[in-house]
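Enquirer: Supplied structure: start22.pdb, PDB, C-alpha atoms.
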MODEL        1
ATOM      1  CA  MET G   1     -33.542 -68.943  36.273
ATOM      2  CA  ASN G   2     -35.030 -71.072  39.025
ATOM      3  CA  ARG G   3     -35.510 -70.143  42.652
ATOM      4  CA  HIS G   4     -32.618 -72.365  43.767
ATOM      5  CA  ASP G   5     -30.065 -70.509  41.670
ATOM      6  CA  ASP G   6     -27.504 -68.535  43.737
ATOM      7  CA  THR G   7     -28.407 -65.424  41.769
ATOM      8  CA  THR G   8     -32.099 -65.484  42.699
ATOM      9  CA  LEU G   9     -32.229 -64.553  46.349
ATOM     10  CA  GLY G  10     -35.070 -62.926  48.221
ATOM     11  CA  LEU G  11     -38.465 -64.345  49.003
ATOM     12  CA  PRO G  12     -39.011 -67.897  47.741
ATOM     13  CA  GLY G  13     -40.374 -67.858  44.218
ATOM     14  CA  GLN G  14     -39.651 -64.142  43.686
ATOM     15  CA  VAL G  15     -37.115 -62.806  41.240
ATOM     16  CA  ASP G  16     -35.979 -59.178  41.354
ATOM     17  CA  LEU G  17     -35.678 -58.453  37.634
ATOM     18  CA  VAL G  18     -33.313 -55.504  38.160
ATOM     19  CA  THR G  19     -30.964 -57.641  40.247
ATOM     20  CA  ALA G  20     -31.197 -60.433  37.663
ATOM     21  CA  ALA G  21     -30.245 -57.951  34.924
ATOM     22  CA  GLY G  22     -27.387 -56.768  37.145
ATOM     23  CA  VAL G  23     -26.116 -60.348  37.409
ATOM     24  CA  ASP G  24     -26.123 -60.635  33.623
ATOM     25  CA  HIS G  25     -24.279 -57.326  33.343
ATOM     26  CA  VAL G  26     -21.653 -58.385  35.902
ATOM     27  CA  ARG G  27     -21.019 -61.613  33.964
ATOM     28  CA  LEU G  28     -20.698 -59.600  30.756
ATOM     29  CA  VAL G  29     -18.298 -57.107  32.361
ATOM     30  CA  TYR G  30     -15.833 -59.948  32.985
ATOM     31  CA  ASP G  31     -16.355 -61.400  29.502
ATOM     32  CA  TYR G  32     -15.830 -58.031  27.804
ATOM     33  CA  LEU G  33     -12.768 -57.187  29.905
ATOM     34  CA  ASP G  34     -11.202 -60.544  29.070
ATOM     35  CA  ALA G  35     -11.947 -60.042  25.364
ATOM     36  CA  GLY G  36     -10.586 -56.479  25.415
ATOM     37  CA  ASP G  37     -13.966 -55.110  24.274
ATOM     38  CA  LEU G  38     -13.905 -51.857  26.242
ATOM     39  CA  ASP G  39     -16.801 -50.200  24.412
ATOM     40  CA  SER G  40     -19.152 -53.053  25.266
ATOM     41  CA  CYS G  41     -17.878 -53.121  28.843
ATOM     42  CA  ALA G  42     -18.391 -49.351  29.188
ATOM     43  CA  SER G  43     -21.988 -49.729  27.976
ATOM     44  CA  LEU G  44     -22.765 -51.696  31.166
ATOM     45  CA  LEU G  45     -21.339 -49.063  33.529
ATOM     46  CA  HIS G  46     -23.255 -46.120  34.955
ATOM     47  CA  ASP G  47     -21.793 -42.688  34.121
ATOM     48  CA  GLY G  48     -20.811 -42.199  37.773
ATOM     49  CA  VAL G  49     -19.402 -45.693  38.304
ATOM     50  CA  VAL G  50     -16.880 -46.064  41.154
ATOM     51  CA  PHE G  51     -14.180 -48.750  41.399
ATOM     52  CA  GLU G  52     -12.243 -49.392  44.598
ATOM     53  CA  LEU G  53      -9.086 -51.466  44.941
ATOM     54  CA  PRO G  54      -7.282 -52.305  48.189
ATOM     55  CA  GLY G  55      -4.870 -49.574  49.258
ATOM     56  CA  MET G  56      -5.847 -47.163  46.478
ATOM     57  CA  PRO G  57      -8.230 -44.209  46.334
ATOM     58  CA  PRO G  58     -11.570 -44.826  44.565
ATOM     59  CA  VAL G  59     -11.602 -44.335  40.789
ATOM     60  CA  ARG G  60     -14.650 -42.571  39.291
ATOM     61  CA  GLY G  61     -16.141 -42.495  35.785
ATOM     62  CA  ARG G  62     -16.276 -45.035  32.972
ATOM     63  CA  THR G  63     -12.942 -44.236  31.325
ATOM     64  CA  ALA G  64     -10.977 -44.098  34.587
ATOM     65  CA  VAL G  65     -12.607 -47.287  35.867
ATOM     66  CA  LEU G  66     -11.809 -49.210  32.686
ATOM     67  CA  ARG G  67      -8.215 -47.984  32.789
ATOM     68  CA  ALA G  68      -7.880 -49.022  36.456
ATOM     69  CA  ARG G  69      -9.472 -52.414  35.804
ATOM     70  CA  LEU G  70      -7.176 -53.136  32.885
ATOM     71  CA  GLY G  71      -4.184 -52.107  34.984
ATOM     72  CA  HIS G  72      -4.954 -54.959  37.373
ATOM     73  CA  ILE G  73      -5.495 -57.698  34.803
ATOM     74  CA  PRO G  74      -2.545 -59.428  33.122
ATOM     75  CA  PRO G  75      -2.528 -58.690  29.348
ATOM     76  CA  ARG G  76      -3.825 -62.160  28.458
ATOM     77  CA  GLY G  77      -5.440 -62.799  31.831
ATOM     78  CA  ARG G  78      -8.976 -64.095  32.141
ATOM     79  CA  HIS G  79     -11.535 -64.113  34.918
ATOM     80  CA  GLU G  80     -12.959 -67.403  36.113
ATOM     81  CA  ILE G  81     -16.000 -66.839  38.293
ATOM     82  CA  ASP G  82     -16.634 -69.545  40.877
ATOM     83  CA  ARG G  83     -19.740 -68.072  42.470
ATOM     84  CA  LEU G  84     -22.188 -65.219  42.008
ATOM     85  CA  VAL G  85     -24.600 -64.273  44.775
ATOM     86  CA  ALA G  86     -27.126 -61.490  44.345
ATOM     87  CA  GLN G  87     -29.797 -59.780  46.387
ATOM     88  CA  ASN G  88     -31.353 -56.323  46.604
ATOM     89  CA  ARG G  89     -29.441 -54.882  43.664
ATOM     90  CA  SER G  90     -26.094 -56.092  44.931
ATOM     91  CA  VAL G  91     -23.963 -58.771  43.295
ATOM     92  CA  VAL G  92     -20.987 -60.546  44.838
ATOM     93  CA  ALA G  93     -18.620 -62.403  42.504
ATOM     94  CA  ALA G  94     -15.906 -64.705  43.827
ATOM     95  CA  GLY G  95     -13.344 -66.076  41.457
ATOM     96  CA  ARG G  96      -9.838 -66.113  40.072
ATOM     97  CA  CYS G  97      -7.912 -64.097  37.552
ATOM     98  CA  VAL G  98      -5.726 -66.553  35.660
ATOM     99  CA  ASP G  99      -2.503 -65.397  33.970
ATOM    100  CA  PRO G 100      -1.486 -67.846  31.202
ATOM    101  CA  ASP G 101       1.801 -65.964  30.724
ATOM    102  CA  ALA G 102       2.760 -66.762  34.331
ATOM    103  CA  GLY G 103       2.216 -70.513  34.068
ATOM    104  CA  GLY G 104      -1.483 -70.245  34.898
ATOM    105  CA  ARG G 105      -0.906 -68.375  38.167
ATOM    106  CA  GLU G 106      -4.221 -67.541  39.839
ATOM    107  CA  LEU G 107      -5.094 -64.465  41.861
ATOM    108  CA  HIS G 108      -8.244 -65.034  43.927
ATOM    109  CA  PHE G 109     -10.654 -62.116  44.361
ATOM    110  CA  VAL G 110     -14.095 -61.120  45.560
ATOM    111  CA  ASP G 111     -15.897 -58.220  43.869
ATOM    112  CA  PHE G 112     -18.865 -56.450  45.485
ATOM    113  CA  PHE G 113     -21.066 -54.711  42.889
ATOM    114  CA  SER G 114     -23.879 -52.197  43.377
ATOM    115  CA  ILE G 115     -26.518 -52.067  40.658
ATOM    116  CA  THR G 116     -28.630 -49.038  39.675
ATOM    117  CA  ASP G 117     -32.411 -49.097  39.275
ATOM    118  CA  ASP G 118     -31.952 -49.652  35.535
ATOM    119  CA  GLY G 119     -29.518 -52.583  35.967
ATOM    120  CA  MET G 120     -26.267 -50.702  35.297
ATOM    121  CA  VAL G 121     -23.105 -51.286  37.347
ATOM    122  CA  LEU G 122     -22.810 -48.353  39.769
ATOM    123  CA  ALA G 123     -19.884 -49.473  41.913
ATOM    124  CA  CYS G 124     -17.406 -52.284  42.437
ATOM    125  CA  THR G 125     -15.116 -52.899  45.381
ATOM    126  CA  ARG G 126     -12.473 -55.591  44.902
ATOM    127  CA  TYR G 127     -10.773 -57.648  47.608
ATOM    128  CA  TYR G 128      -7.892 -60.064  47.041
ATOM    129  CA  HIS G 129      -7.064 -63.284  48.838
ATOM    130  CA  VAL G 130      -3.546 -63.192  50.174
ATOM    131  CA  ALA G 131      -1.606 -65.614  52.313
ATOM    132  CA  PRO G 132      -1.627 -64.629  55.998
TER     133      PRO G 132
ENDMDL
END
Give the structure from the file, written as structure tokens.
Expert:
Amino acid sequence: MNRHDDTTLGLPGQVDLVTAAGVDHVRLVYDYLDAGDLDSCASLLHDGVVFELPGMPPVRGRTAVLRARLGHIPPRGRHEIDRLVAQNRSVVAAGRCVDPDAGGRELHFVDFFSITDDGMVLACTRYYHVAP
């Protein structure tokens, strides 16, 4: 990773290794969700993980979070991440969830992740792009 990479923010030339691990874990969360590999996805989540969706109460715990996440992804949907930005143990992912069963329809989102001191995903808040 070089210092010009979006995922390496902070002082020039410095890399926060915990945040860098968090970025890798966030990327893997999407990959595992898309592949349906829930055990691997759960291994990246802190025991007390919290997931928030617009208009819904927060969901807490690995099992509940995975269930909620899967409930908002089309069965064969896949995440396409356009940008990851990270700093101070926070990761922001902007992208699209593509549904091949709906003619490739795309739902744009931004996810805000908090990362624990050991690089695990502690929280995620999702926002969707909607037409005004």
Enquirer: Which value, in Å to one decimal, gives the distance between atom CA of Glu106 of chain G and atom CA of Leu38 of chain G?
Expert: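 According to the coordinates, atom CA of Glu106 of chain G and atom CA of Leu38 of chain G are separated by 22.9 Å.
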Enquirer: Would you mind telling me which residue in G:Ala42, G:Val85, G:Val26, G:Val110 lies nearest to Thr125 of chain G when using all atoms listed in the file?
Expert: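 Closest to Thr125 of chain G of all the choices is G:Val110.
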Enquirer: What's the 8 Å shell around Leu107 of chain G, counting all atoms listed in the file, without same-chain residues fewer than 6 positions away, as a count of residues only?
Expert: 5
Enquirer: By how many Å are atom CA of Val91 of chain G and atom CA of Leu45 of chain G apart?
Expert: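 Here the two named atoms are 14.0 Å from each other.
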Enquirer: Can you work out the spacing between atom CA of Asp37 of chain G and atom CA of Val121 of chain G in Å, to one decimal?
Expert: 16.4 Å
Enquirer: Using all atoms listed in the file, find the one residue out of G:Arg83, G:Arg67, G:His25, G:Arg60 that sits nearest to Asp118 of chain G.
Expert: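 Of all the options, G:His25 lies closest to Asp118 of chain G.
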Enquirer: Taking all atoms listed in the file into account, which of G:Gly119, G:Val49, G:Phe113, G:His108 comes nearest Ala131 of chain G?
Expert: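 The shortest atom-to-atom distance to Ala131 of chain G comes from G:His108.
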Enquirer: Running the PyMOL selection byres ((chain G and resi 44) around 12) on this model by hand, what would come out? Give it as a VMD selection string.
Expert: chain G and resid 21 to 33 37 to 43 45 to 49 62 66 115 to 116 118 to 123
Enquirer: Quick check on the file I pasted: which residues fall under the PyMOL selection byres ((chain G and resi 94) around 6)? Write them as a list in words.
Expert: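 This file, filtered by the PyMOL selection byres ((chain G and resi 94) around 6), leaves Ile81, Asp82, Arg83, Ala93, Gly95, Phe109 and Val110 of chain G.
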Enquirer: Given the file above and the PyMOL selection byres ((chain G and resi 78) around 7), which residues are selected, and can you give them as a list in words?
Expert: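 When the PyMOL selection byres ((chain G and resi 78) around 7) is applied, the selected residues are Asp34, Arg76, Gly77, His79, Glu80, Cys97, Val98 and Asp99 of chain G.
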Enquirer: Quick one: of G:Ala20, G:Val59, G:Ala64, G:Leu70, who's nearest to Gln87 of chain G, counting only C-alpha atoms?
Expert: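 When distances to Gln87 of chain G are compared using only C-alpha atoms, the smallest one comes from G:Ala20.
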Enquirer: Identify which of the residues G:Pro132, G:Asp117, G:Arg126, G:Val50 lies closest to Val18 of chain G, counting all atoms listed in the file when measuring atom-to-atom distances.
Expert: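 Closest to Val18 of chain G, using all atoms listed in the file: G:Asp117.
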Enquirer: When distances are computed from all atoms listed in the file, which of G:Tyr127, G:Asp16, G:Pro74, G:Asp101 shows the smallest separation from Met56 of chain G?
Expert: G:Tyr127
